[in-house]
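Chemist: This one is query.txt, compact mmCIF, C-alpha atoms and all ligand atoms.
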```
# COMPACT_ATOMS: atom_id res chain seq x y z
CA MET A 1 114.53 39.55 -43.83
CA GLU A 2 116.56 42.46 -42.51
CA CYS A 3 119.56 40.41 -41.38
CA LEU A 4 120.09 39.00 -44.88
CA SER A 5 122.21 40.79 -47.48
CA VAL A 6 123.86 40.01 -50.77
CA LYS A 7 127.47 40.83 -51.67
CA GLY A 8 128.58 39.86 -55.14
CA ASP A 9 127.15 36.39 -55.74
CA GLN A 10 126.91 35.46 -52.08
CA LEU A 11 124.21 35.55 -49.42
CA PHE A 12 125.13 36.88 -45.96
CA ILE A 13 123.33 36.64 -42.63
CA GLY A 14 124.34 39.04 -39.87
CA GLY A 15 127.53 39.76 -41.80
CA ALA A 16 128.50 36.06 -42.18
CA ASP A 17 128.80 34.25 -45.51
CA VAL A 18 126.04 31.61 -45.63
CA GLU A 19 127.86 29.33 -48.06
CA ALA A 20 131.01 29.40 -45.94
CA LEU A 21 128.96 28.50 -42.84
CA ALA A 22 127.30 25.64 -44.72
CA LYS A 23 130.77 24.34 -45.67
CA LYS A 24 132.05 24.67 -42.12
CA TYR A 25 129.08 23.10 -40.31
CA GLY A 26 127.36 21.01 -43.01
CA THR A 27 123.67 21.04 -43.94
CA PRO A 28 120.90 21.07 -42.95
CA LEU A 29 121.90 23.99 -40.79
CA TYR A 30 119.95 26.47 -38.70
CA ILE A 31 121.62 29.89 -38.56
CA MET A 32 120.41 32.66 -36.23
CA ASP A 33 121.47 36.30 -36.10
CA GLU A 34 122.00 37.40 -32.50
CA ASN A 35 121.67 41.11 -33.27
CA THR A 36 118.16 40.61 -34.68
CA ILE A 37 117.10 38.81 -31.49
CA ARG A 38 118.55 41.60 -29.35
CA LYS A 39 116.94 44.31 -31.50
CA ASN A 40 113.50 42.68 -31.20
CA ILE A 41 113.82 42.32 -27.43
CA LYS A 42 114.85 45.96 -27.18
CA GLU A 43 111.82 47.07 -29.17
CA TYR A 44 109.47 45.41 -26.68
CA LYS A 45 111.43 46.66 -23.66
CA ASP A 46 111.87 50.24 -24.86
CA SER A 47 108.23 50.57 -25.99
CA LEU A 48 106.92 49.36 -22.64
CA ASN A 49 109.22 51.78 -20.83
CA LYS A 50 108.17 54.61 -23.11
CA TYR A 51 104.42 54.08 -23.18
CA TYR A 52 103.48 52.59 -19.82
CA LYS A 53 103.32 54.59 -16.61
CA GLY A 54 103.47 51.47 -14.43
CA GLU A 55 106.03 48.70 -14.15
CA SER A 56 106.56 46.12 -16.89
CA LEU A 57 108.61 43.05 -17.74
CA VAL A 58 109.10 41.24 -21.05
CA LEU A 59 109.06 37.46 -20.72
CA TYR A 60 110.49 35.73 -23.78
CA ALA A 61 108.38 32.64 -24.61
CA GLY A 62 110.93 29.84 -24.44
CA LYS A 63 108.83 27.46 -26.53
CA ALA A 64 109.72 29.43 -29.67
CA PHE A 65 113.41 28.51 -29.35
CA CYS A 66 115.05 27.20 -26.24
CA CYS A 67 118.71 26.50 -25.45
CA LYS A 68 121.23 27.69 -22.88
CA GLN A 69 122.70 30.33 -25.19
CA MET A 70 119.27 31.90 -25.69
CA TYR A 71 118.90 32.37 -21.92
CA LYS A 72 122.35 33.96 -21.79
CA ILE A 73 121.12 36.53 -24.33
CA LEU A 74 117.99 37.15 -22.26
CA THR A 75 120.11 37.62 -19.13
CA ASP A 76 122.25 40.10 -20.97
CA GLU A 77 119.18 42.01 -22.14
CA GLY A 78 117.66 41.96 -18.63
CA ILE A 79 114.36 40.31 -19.48
CA GLY A 80 112.51 37.29 -18.05
CA ALA A 81 111.04 34.17 -19.60
CA ASP A 82 107.75 32.32 -19.98
CA LEU A 83 108.49 28.61 -19.77
CA MET A 84 106.89 25.24 -19.53
CA ALA A 85 107.56 23.27 -16.37
CA GLY A 86 110.13 20.54 -16.94
CA GLY A 87 112.76 20.73 -19.68
CA GLU A 88 112.41 24.40 -20.62
CA THR A 89 112.72 25.34 -16.96
CA TYR A 90 115.66 22.99 -16.49
CA THR A 91 117.45 24.51 -19.49
CA ALA A 92 117.03 28.07 -18.20
CA GLN A 93 118.28 27.03 -14.78
CA ALA A 94 121.25 25.20 -16.29
CA SER A 95 122.24 28.43 -18.09
CA GLY A 96 122.36 30.31 -14.77
CA PHE A 97 119.21 32.32 -15.56
CA ASP A 98 117.57 34.39 -12.78
CA MET A 99 114.64 32.08 -12.02
CA SER A 100 112.74 34.78 -10.14
CA LYS A 101 112.06 36.26 -13.61
CA VAL A 102 110.45 33.06 -14.86
CA TYR A 103 106.70 32.43 -15.25
CA ILE A 104 105.55 28.86 -15.75
CA HIS A 105 102.79 27.68 -18.04
CA GLY A 106 101.08 24.45 -19.00
CA ASN A 107 97.57 23.07 -18.70
CA ASN A 108 98.65 19.92 -16.85
CA LYS A 109 101.64 20.41 -14.58
CA THR A 110 102.48 17.32 -12.59
CA GLU A 111 102.85 17.36 -8.81
CA GLN A 112 106.55 16.67 -9.28
CA GLU A 113 106.87 19.66 -11.58
CA ILE A 114 104.99 21.92 -9.14
CA SER A 115 107.25 20.78 -6.33
CA MET A 116 110.35 21.48 -8.45
CA LEU A 117 109.04 24.96 -9.38
CA LEU A 118 108.39 25.85 -5.74
CA ASP A 119 111.86 24.63 -4.75
CA ILE A 120 113.46 26.68 -7.52
CA GLY A 121 111.50 29.78 -6.47
CA VAL A 122 110.20 30.81 -9.90
CA GLY A 123 108.61 34.25 -10.30
CA ALA A 124 105.14 32.71 -10.52
CA ILE A 125 103.30 29.60 -11.51
CA VAL A 126 100.50 30.41 -13.94
CA ALA A 127 97.74 28.15 -12.64
CA ASP A 128 95.61 26.72 -15.40
CA ASN A 129 92.65 25.38 -13.42
CA ILE A 130 91.21 24.60 -10.03
CA TYR A 131 92.89 21.16 -9.74
CA GLU A 132 96.22 22.82 -10.21
CA LEU A 133 95.41 25.43 -7.56
CA LYS A 134 94.59 22.55 -5.21
CA ASN A 135 97.93 20.87 -5.91
CA ILE A 136 99.87 24.11 -5.57
CA GLN A 137 98.18 24.83 -2.22
CA GLN A 138 98.91 21.34 -0.89
CA ILE A 139 102.52 21.21 -2.01
CA ALA A 140 103.25 24.78 -0.84
CA GLU A 141 101.69 23.96 2.53
CA GLN A 142 103.91 20.87 2.90
CA LYS A 143 106.94 23.02 2.14
CA GLY A 144 105.75 25.79 4.47
CA ILE A 145 105.93 28.48 1.80
CA ILE A 146 103.64 30.89 -0.03
CA ALA A 147 103.36 30.15 -3.75
CA GLN A 148 103.27 33.10 -6.14
CA VAL A 149 100.47 32.43 -8.60
CA LEU A 150 98.79 33.96 -11.65
CA LEU A 151 95.47 32.59 -12.87
CA ARG A 152 95.16 31.85 -16.59
CA VAL A 153 91.81 33.07 -17.85
CA LYS A 154 90.13 32.65 -21.21
CA PRO A 155 88.85 36.13 -21.97
CA GLY A 156 86.40 34.86 -24.60
CA VAL A 157 88.20 36.51 -27.50
CA GLU A 158 88.68 34.78 -30.83
CA ALA A 159 91.82 35.68 -32.69
CA HIS A 160 91.96 35.20 -36.44
CA THR A 161 94.67 32.63 -36.88
CA HIS A 162 95.07 28.90 -37.53
CA GLU A 163 92.63 27.01 -35.26
CA PHE A 164 95.47 24.99 -33.70
CA ILE A 165 97.06 28.16 -32.35
CA GLN A 166 93.91 29.95 -31.11
CA THR A 167 93.58 29.94 -27.33
CA GLY A 168 91.45 32.83 -26.06
CA GLN A 169 88.03 31.34 -26.83
CA ILE A 170 85.88 29.28 -24.48
CA ASP A 171 86.49 26.08 -26.46
CA SER A 172 90.17 25.80 -25.55
CA LYS A 173 92.05 23.43 -23.29
CA PHE A 174 93.95 26.30 -21.66
CA GLY A 175 92.79 28.22 -18.60
CA VAL A 176 89.40 28.96 -17.07
CA ALA A 177 86.71 30.91 -18.89
CA ILE A 178 85.44 34.22 -17.60
CA GLU A 179 82.16 33.88 -19.54
CA ASN A 180 80.85 30.70 -17.93
CA GLY A 181 81.85 31.36 -14.33
CA GLU A 182 84.83 28.93 -14.18
CA ALA A 183 87.26 31.79 -13.65
CA ILE A 184 85.41 33.36 -10.75
CA LEU A 185 85.16 29.97 -9.00
CA ALA A 186 88.88 29.45 -9.44
CA ALA A 187 89.65 32.94 -8.11
CA GLU A 188 87.40 32.32 -5.11
CA TYR A 189 89.18 29.03 -4.47
CA ALA A 190 92.59 30.73 -4.67
CA SER A 191 91.43 33.48 -2.31
CA LYS A 192 90.81 30.83 0.33
CA CYS A 193 94.18 29.11 -0.05
CA PRO A 194 96.49 30.25 2.74
CA ASN A 195 99.62 29.19 0.82
CA ILE A 196 98.72 30.91 -2.44
CA ASN A 197 99.32 34.55 -3.24
CA LEU A 198 97.15 35.23 -6.29
CA LYS A 199 99.18 38.13 -7.60
CA GLY A 200 97.89 38.35 -11.12
CA LEU A 201 95.97 37.23 -14.17
CA HIS A 202 97.22 35.80 -17.41
CA CYS A 203 95.67 35.47 -20.85
CA HIS A 204 97.07 34.43 -24.21
CA ILE A 205 94.67 34.59 -27.13
CA GLY A 206 96.73 32.82 -29.78
CA SER A 207 99.73 33.07 -32.03
CA GLN A 208 100.66 34.59 -35.42
CA ILE A 209 97.95 37.26 -35.01
CA PHE A 210 97.84 40.25 -37.34
CA ASP A 211 95.06 42.39 -35.90
CA TYR A 212 95.20 44.54 -32.84
CA PRO A 213 91.57 44.75 -31.54
CA PRO A 214 91.48 41.21 -30.04
CA PHE A 215 94.46 42.06 -27.82
CA GLU A 216 92.82 45.24 -26.57
CA LEU A 217 89.55 43.44 -25.94
CA ALA A 218 91.36 40.69 -24.01
CA ALA A 219 93.09 43.30 -21.81
CA ARG A 220 89.74 44.98 -21.13
CA LYS A 221 88.03 41.69 -20.21
CA CYS A 222 90.87 40.75 -17.86
CA LEU A 223 90.74 44.11 -16.10
CA GLU A 224 86.96 43.89 -15.72
CA PHE A 225 87.50 40.47 -14.18
CA ALA A 226 90.20 41.94 -11.91
CA SER A 227 87.69 44.52 -10.76
CA LEU A 228 85.14 41.78 -10.02
CA ILE A 229 87.54 39.75 -7.88
CA LYS A 230 88.62 42.87 -6.07
CA SER A 231 85.06 43.66 -5.09
CA LYS A 232 84.13 40.05 -4.29
CA PHE A 233 87.24 38.75 -2.53
CA GLY A 234 89.30 41.85 -1.79
CA ILE A 235 92.16 40.63 -4.01
CA THR A 236 94.02 43.35 -5.89
CA ILE A 237 95.66 42.12 -9.06
CA LYS A 238 99.26 43.36 -9.15
CA GLU A 239 100.31 41.75 -12.42
CA LEU A 240 98.57 41.49 -15.76
CA ASN A 241 100.20 39.07 -18.17
CA LEU A 242 98.89 39.60 -21.70
CA GLY A 243 100.65 36.64 -23.30
CA GLY A 244 102.33 36.67 -26.69
CA GLY A 245 101.01 36.18 -30.20
CA ILE A 246 102.13 39.01 -32.48
CA GLY A 247 102.45 37.66 -36.01
CA ILE A 248 105.54 38.01 -38.18
CA LYS A 249 106.14 38.34 -41.90
CA TYR A 250 106.77 34.87 -43.30
CA THR A 251 105.85 35.83 -46.85
CA GLN A 252 105.09 38.98 -48.82
CA ALA A 253 101.39 38.37 -48.14
CA ASP A 254 101.82 38.83 -44.37
CA ASP A 255 101.28 42.27 -42.90
CA PRO A 256 102.31 42.20 -39.23
CA ILE A 257 101.43 44.77 -36.58
CA ASP A 258 104.17 47.23 -35.67
CA ILE A 259 105.42 46.16 -32.21
CA SER A 260 105.89 49.62 -30.79
CA LYS A 261 102.48 50.85 -32.02
CA PHE A 262 100.91 47.68 -30.65
CA ILE A 263 102.46 48.30 -27.24
CA GLN A 264 101.46 51.95 -27.28
CA GLY A 265 97.85 50.89 -27.90
CA ILE A 266 97.86 48.16 -25.26
CA CYS A 267 99.37 50.47 -22.64
CA ALA A 268 96.75 53.13 -23.36
CA ALA A 269 94.00 50.50 -23.13
CA VAL A 270 95.28 49.20 -19.78
CA GLU A 271 95.64 52.72 -18.37
CA SER A 272 92.18 53.86 -19.48
CA ASN A 273 90.45 50.69 -18.26
CA CYS A 274 92.23 50.90 -14.90
CA ALA A 275 91.08 54.49 -14.53
CA ARG A 276 87.50 53.57 -15.50
CA LEU A 277 87.43 50.62 -13.08
CA ASP A 278 89.30 52.41 -10.31
CA LEU A 279 92.13 49.85 -10.28
CA PRO A 280 95.78 50.59 -9.56
CA LEU A 281 98.02 50.11 -12.60
CA PRO A 282 99.23 46.50 -12.65
CA LYS A 283 102.70 45.47 -13.70
CA ILE A 284 102.32 44.51 -17.37
CA LEU A 285 103.95 41.30 -18.52
CA MET A 286 104.20 40.30 -22.17
CA GLU A 287 105.31 36.97 -23.57
CA PRO A 288 106.51 37.33 -27.16
CA GLY A 289 108.17 34.29 -28.68
CA ARG A 290 107.85 34.24 -32.46
CA SER A 291 108.28 38.01 -32.86
CA ILE A 292 111.60 37.84 -30.98
CA VAL A 293 113.31 34.98 -32.82
CA ALA A 294 111.52 34.07 -36.07
CA THR A 295 113.12 36.67 -38.34
CA SER A 296 116.58 36.04 -36.89
CA GLY A 297 116.81 32.60 -38.45
CA ILE A 298 117.24 30.71 -41.69
CA THR A 299 117.62 27.02 -42.46
CA VAL A 300 120.13 26.04 -45.11
CA TYR A 301 119.71 22.85 -47.11
CA THR A 302 121.57 21.11 -49.92
CA ILE A 303 119.60 19.94 -52.93
CA GLY A 304 120.14 16.23 -53.53
CA CYS A 305 117.67 15.45 -56.29
CA VAL A 306 115.55 17.30 -58.85
CA LYS A 307 112.65 15.45 -60.47
CA GLN A 308 110.71 17.00 -63.34
CA ILE A 309 107.41 15.13 -63.72
CA GLU A 310 106.09 16.09 -67.13
CA GLY A 311 102.69 17.75 -66.99
CA VAL A 312 102.68 17.61 -63.18
CA ARG A 313 105.41 19.60 -61.42
CA LYS A 314 109.09 19.79 -60.53
CA TYR A 315 110.13 18.29 -57.20
CA VAL A 316 113.30 19.53 -55.54
CA SER A 317 114.45 17.30 -52.66
CA VAL A 318 116.65 18.65 -49.88
CA ASP A 319 118.61 16.98 -47.11
CA GLY A 320 116.21 18.01 -44.29
CA GLY A 321 112.44 18.39 -44.15
CA MET A 322 109.58 17.76 -41.77
CA SER A 323 111.82 16.74 -38.87
CA ASP A 324 113.58 20.12 -38.78
CA ASN A 325 110.50 22.08 -39.88
CA PRO A 326 107.12 20.43 -39.23
CA ARG A 327 105.18 23.66 -39.73
CA TYR A 328 103.93 22.96 -43.24
CA ILE A 329 102.64 19.56 -42.28
CA MET A 330 101.03 20.96 -39.12
CA TYR A 331 99.64 24.31 -40.24
CA GLN A 332 100.31 24.56 -43.99
CA SER A 333 102.72 27.38 -43.14
CA MET A 334 104.30 29.30 -46.00
CA TYR A 335 107.83 30.62 -46.25
CA GLU A 336 110.07 32.55 -48.61
CA ALA A 337 113.33 30.98 -49.77
CA VAL A 338 116.45 32.00 -51.69
CA ARG A 339 119.16 30.21 -53.58
CA VAL A 340 122.34 30.81 -51.60
CA ARG A 341 124.63 31.44 -54.56
CA LYS A 342 123.51 34.19 -56.94
CA PRO A 343 120.39 34.81 -54.87
CA ILE A 344 119.28 37.76 -56.93
CA ASP A 345 118.98 35.88 -60.23
CA ASP A 346 115.47 36.04 -61.70
CA ASP A 347 112.94 33.49 -60.46
CA THR A 348 112.35 31.44 -63.58
CA GLU A 349 110.47 28.38 -62.40
CA THR A 350 107.91 27.21 -59.89
CA VAL A 351 108.96 24.17 -57.90
CA ARG A 352 107.88 22.12 -54.89
CA VAL A 353 110.63 21.80 -52.31
CA VAL A 354 110.29 18.58 -50.31
CA GLY A 355 112.24 16.84 -47.58
CA LYS A 356 113.85 13.42 -47.36
CA PHE A 357 111.38 11.73 -45.01
CA CYS A 358 109.12 8.76 -45.64
CA GLU A 359 105.96 10.81 -45.85
CA SER A 360 104.30 12.38 -48.89
CA GLY A 361 103.26 15.38 -46.80
CA ASP A 362 106.93 16.09 -46.07
CA ILE A 363 106.81 19.43 -47.88
CA LEU A 364 108.74 22.58 -47.05
CA LEU A 365 107.61 24.89 -49.86
CA PRO A 366 104.58 23.68 -51.81
CA ASP A 367 104.89 26.05 -54.78
CA ILE A 368 107.70 28.52 -54.84
CA LYS A 369 109.16 30.60 -57.63
CA MET A 370 112.95 30.27 -57.64
CA PRO A 371 115.87 30.70 -60.01
CA GLU A 372 116.84 27.43 -61.68
CA LEU A 373 117.87 24.91 -59.03
CA GLN A 374 120.36 22.12 -59.57
CA VAL A 375 121.63 19.20 -57.57
CA GLY A 376 124.30 20.45 -55.16
CA ASP A 377 122.86 23.98 -54.85
CA LEU A 378 122.20 25.38 -51.40
CA ILE A 379 118.89 27.00 -50.57
CA ALA A 380 117.94 28.99 -47.47
CA ILE A 381 114.42 29.07 -46.10
CA GLU A 382 113.76 32.35 -44.31
CA ALA A 383 112.18 33.19 -40.95
CA THR A 384 112.73 29.77 -39.41
CA GLY A 385 114.02 31.05 -36.06
CA ALA A 386 110.78 30.28 -34.17
CA TYR A 387 109.09 26.92 -33.67
CA ASN A 388 111.42 25.09 -36.04
CA TYR A 389 114.29 23.82 -33.90
CA SER A 390 111.94 23.72 -30.89
CA MET A 391 109.45 21.46 -32.71
CA SER A 392 112.02 19.35 -34.51
CA SER A 393 112.05 15.59 -34.13
CA ASN A 394 114.12 12.52 -34.90
CA TYR A 395 111.60 11.06 -37.36
CA ASN A 396 113.27 8.35 -39.46
CA ARG A 397 116.06 8.56 -36.87
CA VAL A 398 117.50 11.61 -38.53
CA PRO A 399 119.76 13.60 -36.17
CA ARG A 400 118.74 17.21 -35.52
CA PRO A 401 120.82 19.88 -37.30
CA PRO A 402 122.99 22.24 -35.28
CA VAL A 403 122.10 25.85 -34.50
CA VAL A 404 124.85 28.30 -35.34
CA MET A 405 124.57 31.87 -34.10
CA VAL A 406 126.23 34.80 -35.79
CA ARG A 407 127.01 38.19 -34.37
CA ASP A 408 128.65 40.96 -36.39
CA GLY A 409 129.97 38.44 -38.89
CA LYS A 410 131.37 35.99 -36.29
CA ASP A 411 129.84 32.55 -35.88
CA TYR A 412 129.62 30.15 -32.97
CA ILE A 413 127.71 26.99 -32.11
CA ALA A 414 124.63 27.38 -29.90
CA ILE A 415 123.47 23.76 -30.28
CA ASN A 416 125.63 20.94 -31.65
CA ARG A 417 124.52 18.63 -34.45
CA GLU A 418 123.13 15.41 -33.05
CA SER A 419 125.11 12.27 -33.78
CA TYR A 420 123.93 8.72 -34.47
CA GLU A 421 125.29 7.81 -31.00
CA ASP A 422 122.98 10.48 -29.51
CA LEU A 423 120.08 8.74 -31.21
CA VAL A 424 120.72 5.36 -29.59
CA LYS A 425 121.88 6.58 -26.20
CA ASN A 426 118.53 5.94 -24.49
CA ASP A 427 117.86 2.64 -26.21
CA ALA A 428 117.92 -0.15 -23.61
N1 LIG A 501 102.46 32.68 -24.03
C1 LIG A 501 101.78 31.53 -24.06
C2 LIG A 501 101.03 31.11 -22.89
C3 LIG A 501 101.80 30.73 -25.21
O1 LIG A 501 101.10 29.60 -25.22
C4 LIG A 501 102.55 31.15 -26.33
C5 LIG A 501 102.58 30.32 -27.56
C6 LIG A 501 103.27 32.35 -26.25
C7 LIG A 501 103.19 33.10 -25.08
C8 LIG A 501 104.13 32.85 -27.38
O2 LIG A 501 103.38 33.15 -28.51
P1 LIG A 501 104.10 33.82 -29.80
O3 LIG A 501 104.53 35.22 -29.42
O4 LIG A 501 105.27 32.99 -30.12
O5 LIG A 501 103.06 33.78 -30.83
N2 LIG A 501 103.83 25.91 -32.79
C9 LIG A 501 103.07 27.03 -33.30
C10 LIG A 501 102.94 28.14 -32.29
C11 LIG A 501 102.31 27.68 -31.00
C12 LIG A 501 102.28 28.79 -29.99
C13 LIG A 501 102.02 28.25 -28.65
N3 LIG A 501 101.99 29.22 -27.62
C14 LIG A 501 103.70 27.52 -34.61
O6 LIG A 501 104.69 26.94 -35.06
O7 LIG A 501 103.20 28.46 -35.22
```
Taking this structure as input, can you express it in the form of structure tokens?
Modeler:
Amino acid sequence: MECLSVKGDQLFIGGADVEALAKKYGTPLYIMDENTIRKNIKEYKDSLNKYYKGESLVLYAGKAFCCKQMYKILTDEGIGADLMAGGETYTAQASGFDMSKVYIHGNNKTEQEISMLLDIGVGAIVADNIYELKNIQQIAEQKGIIAQVLLRVKPGVEAHTHEFIQTGQIDSKFGVAIENGEAILAAEYASKCPNINLKGLHCHIGSQIFDYPPFELAARKCLEFASLIKSKFGITIKELNLGGGIGIKYTQADDPIDISKFIQGICAAVESNCARLDLPLPKILMEPGRSIVATSGITVYTIGCVKQIEGVRKYVSVDGGMSDNPRYIMYQSMYEAVRVRKPIDDDTETVRVVGKFCESGDILLPDIKMPELQVGDLIAIEATGAYNYSMSSNYNRVPRPPVVMVRDGKDYIAINRESYEDLVKNDA
């Protein structure tokens, strides 16, 4: 990971000494490097400005990592956000974020949530299905306003990734399929709703994707659908939201797409398809989550127990686990890790790093080569900035670790460590 460096015997992140931070804040500890987040955002923004002739806006996908400080960074960088209705939206609003730059997702938004979104005046609600269009129309009519809406379509594209994070194919709970006529019915319905302005289309084909052709195909299918609804209902699509999904390098085996080349290709595909279909260039929206925050973050743990089981394996237990990182148990996700002190020592043994939870599947690193590890050593798991804190839980009533951000060697708290009092505060 680029933000990590070694000076003498010590590991640094964003110029800050990892061991010193672990002493100051305790472990387990999430640490994120602000400059990496800003650099990744800039790469998306600058590439879109460079390669696209039309307008564009980057919408950071809040589900990857969401807290008030994150929205302050987005505000500073001048980008928008893709959020779920409810808590993610509330958090952005509480940070003072410009809610007109917010696009709202979800396959089952409640009437209350829709009402709240219309009151806030979000940039657009991404309608998932015809029932939702009905609700949006009714609620917008009651309020006497016009709702800004994008329609989420399934372009019928299968991305090669874990089946739980594939979303572009017909067999998905998200959106309406172009292939089987659901999407055209939904667009027709929207075209007849006086309180809905169908300003665009959205698609998201999946996450942690390493190949480029599915993205280009999805863009083509969406534009062909845009052309169809233009000819049938006279609706011109002004915004094309291509979702997120670019994969990142968790381990040496991963070979991610270069963001700027990816954007260059997508922009060329949108421009050539628009020319072919005689469509005006839409505003392009992109919703990267993982590729903005994943490589900014590490999680630091203290080793509490080492168990050598003769003829089987060596178990190394740390003070966190599946509650701060459920990604192995959910997707068998792999990570790289380093020992915090003397990180460059030779890897001499293969161990299984496990958590402290009452679950045999509570594994962080199933088989990793590391230098010799002893009780009391600190280890850092890399690339945990996305979908770790945001998917953390209080399993076994373990409080969530804090998130500390660093910038140019200086550290500050973005999210406090939970306390035992926090855990019981909603108990009746
Ligand atoms: N837009 C939409 C509509 C999405 O559903 C997602 C991710 C994104 C954008 C951002 O995708 P990204 O750039 O982060 O790949 N929990 C899983 C990932 C689930 C992704 C869900 N949607 C994991 O830990 O890998």
Chemist: Taking into account only C-alpha atoms, which residue in the set A:Ala218, A:Met330, A:Ala268, A:Ala275 is nearest to His202 of chain A?
Modeler: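 Smallest separation from His202 of chain A among the options: A:Ala218.
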Chemist: So how far away is atom CA of Gly245 of chain A from atom CA of Gly289 of chain A, in Å?
Modeler: 7.6 Å
Chemist: Name the residues, by chain letter and number, that sit within 6 Å of ligand LIG 501 (chain A) using all atoms listed in the file, and give them as a list in words.
Modeler: Ala61, Ala64, Ile165, His204, Ser207, Gln208, Gly243, Gly244, Gly245, Ile246, Glu287, Pro288, Gly289, Arg290, Ser291, Arg327 and Tyr387 of chain A
Chemist: Name the residues in contact with Leu364 of chain A at a cut-off of 7 Å, using all atoms listed in the file, excluding same-chain residues fewer than 4 positions from it; report them as a VMD selection string.
Modeler: chain A and resid 321 328 353 to 355
Chemist: Which residue, A:Leu29, A:Leu4, A:Cys67, A:Leu74, has the smallest gap to Arg417 of chain A when you use all atoms listed in the file?
Modeler: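 Closest candidate: A:Leu29.
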Chemist: Of the residues A:Lys173, A:Lys63, A:Lys101, A:Lys72, which is the one nearest to Leu285 of chain A, using only C-alpha atoms?
Modeler: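 Of the candidates, the smallest distance to Leu285 of chain A is held by A:Lys101.
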Chemist: Suppose you want the space between atom CA of Pro326 of chain A and atom CA of Lys356 of chain A; what is it in Å?
Modeler: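 Result for atom CA of Pro326 of chain A versus atom CA of Lys356 of chain A: 12.7 Å, one decimal.
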Chemist: What is the atom CA of Ala383 of chain A-atom CA of Thr299 of chain A distance in Å, reported with one decimal?
Modeler: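 Calculated distance between atom CA of Ala383 of chain A and atom CA of Thr299 of chain A is 8.4 Å.
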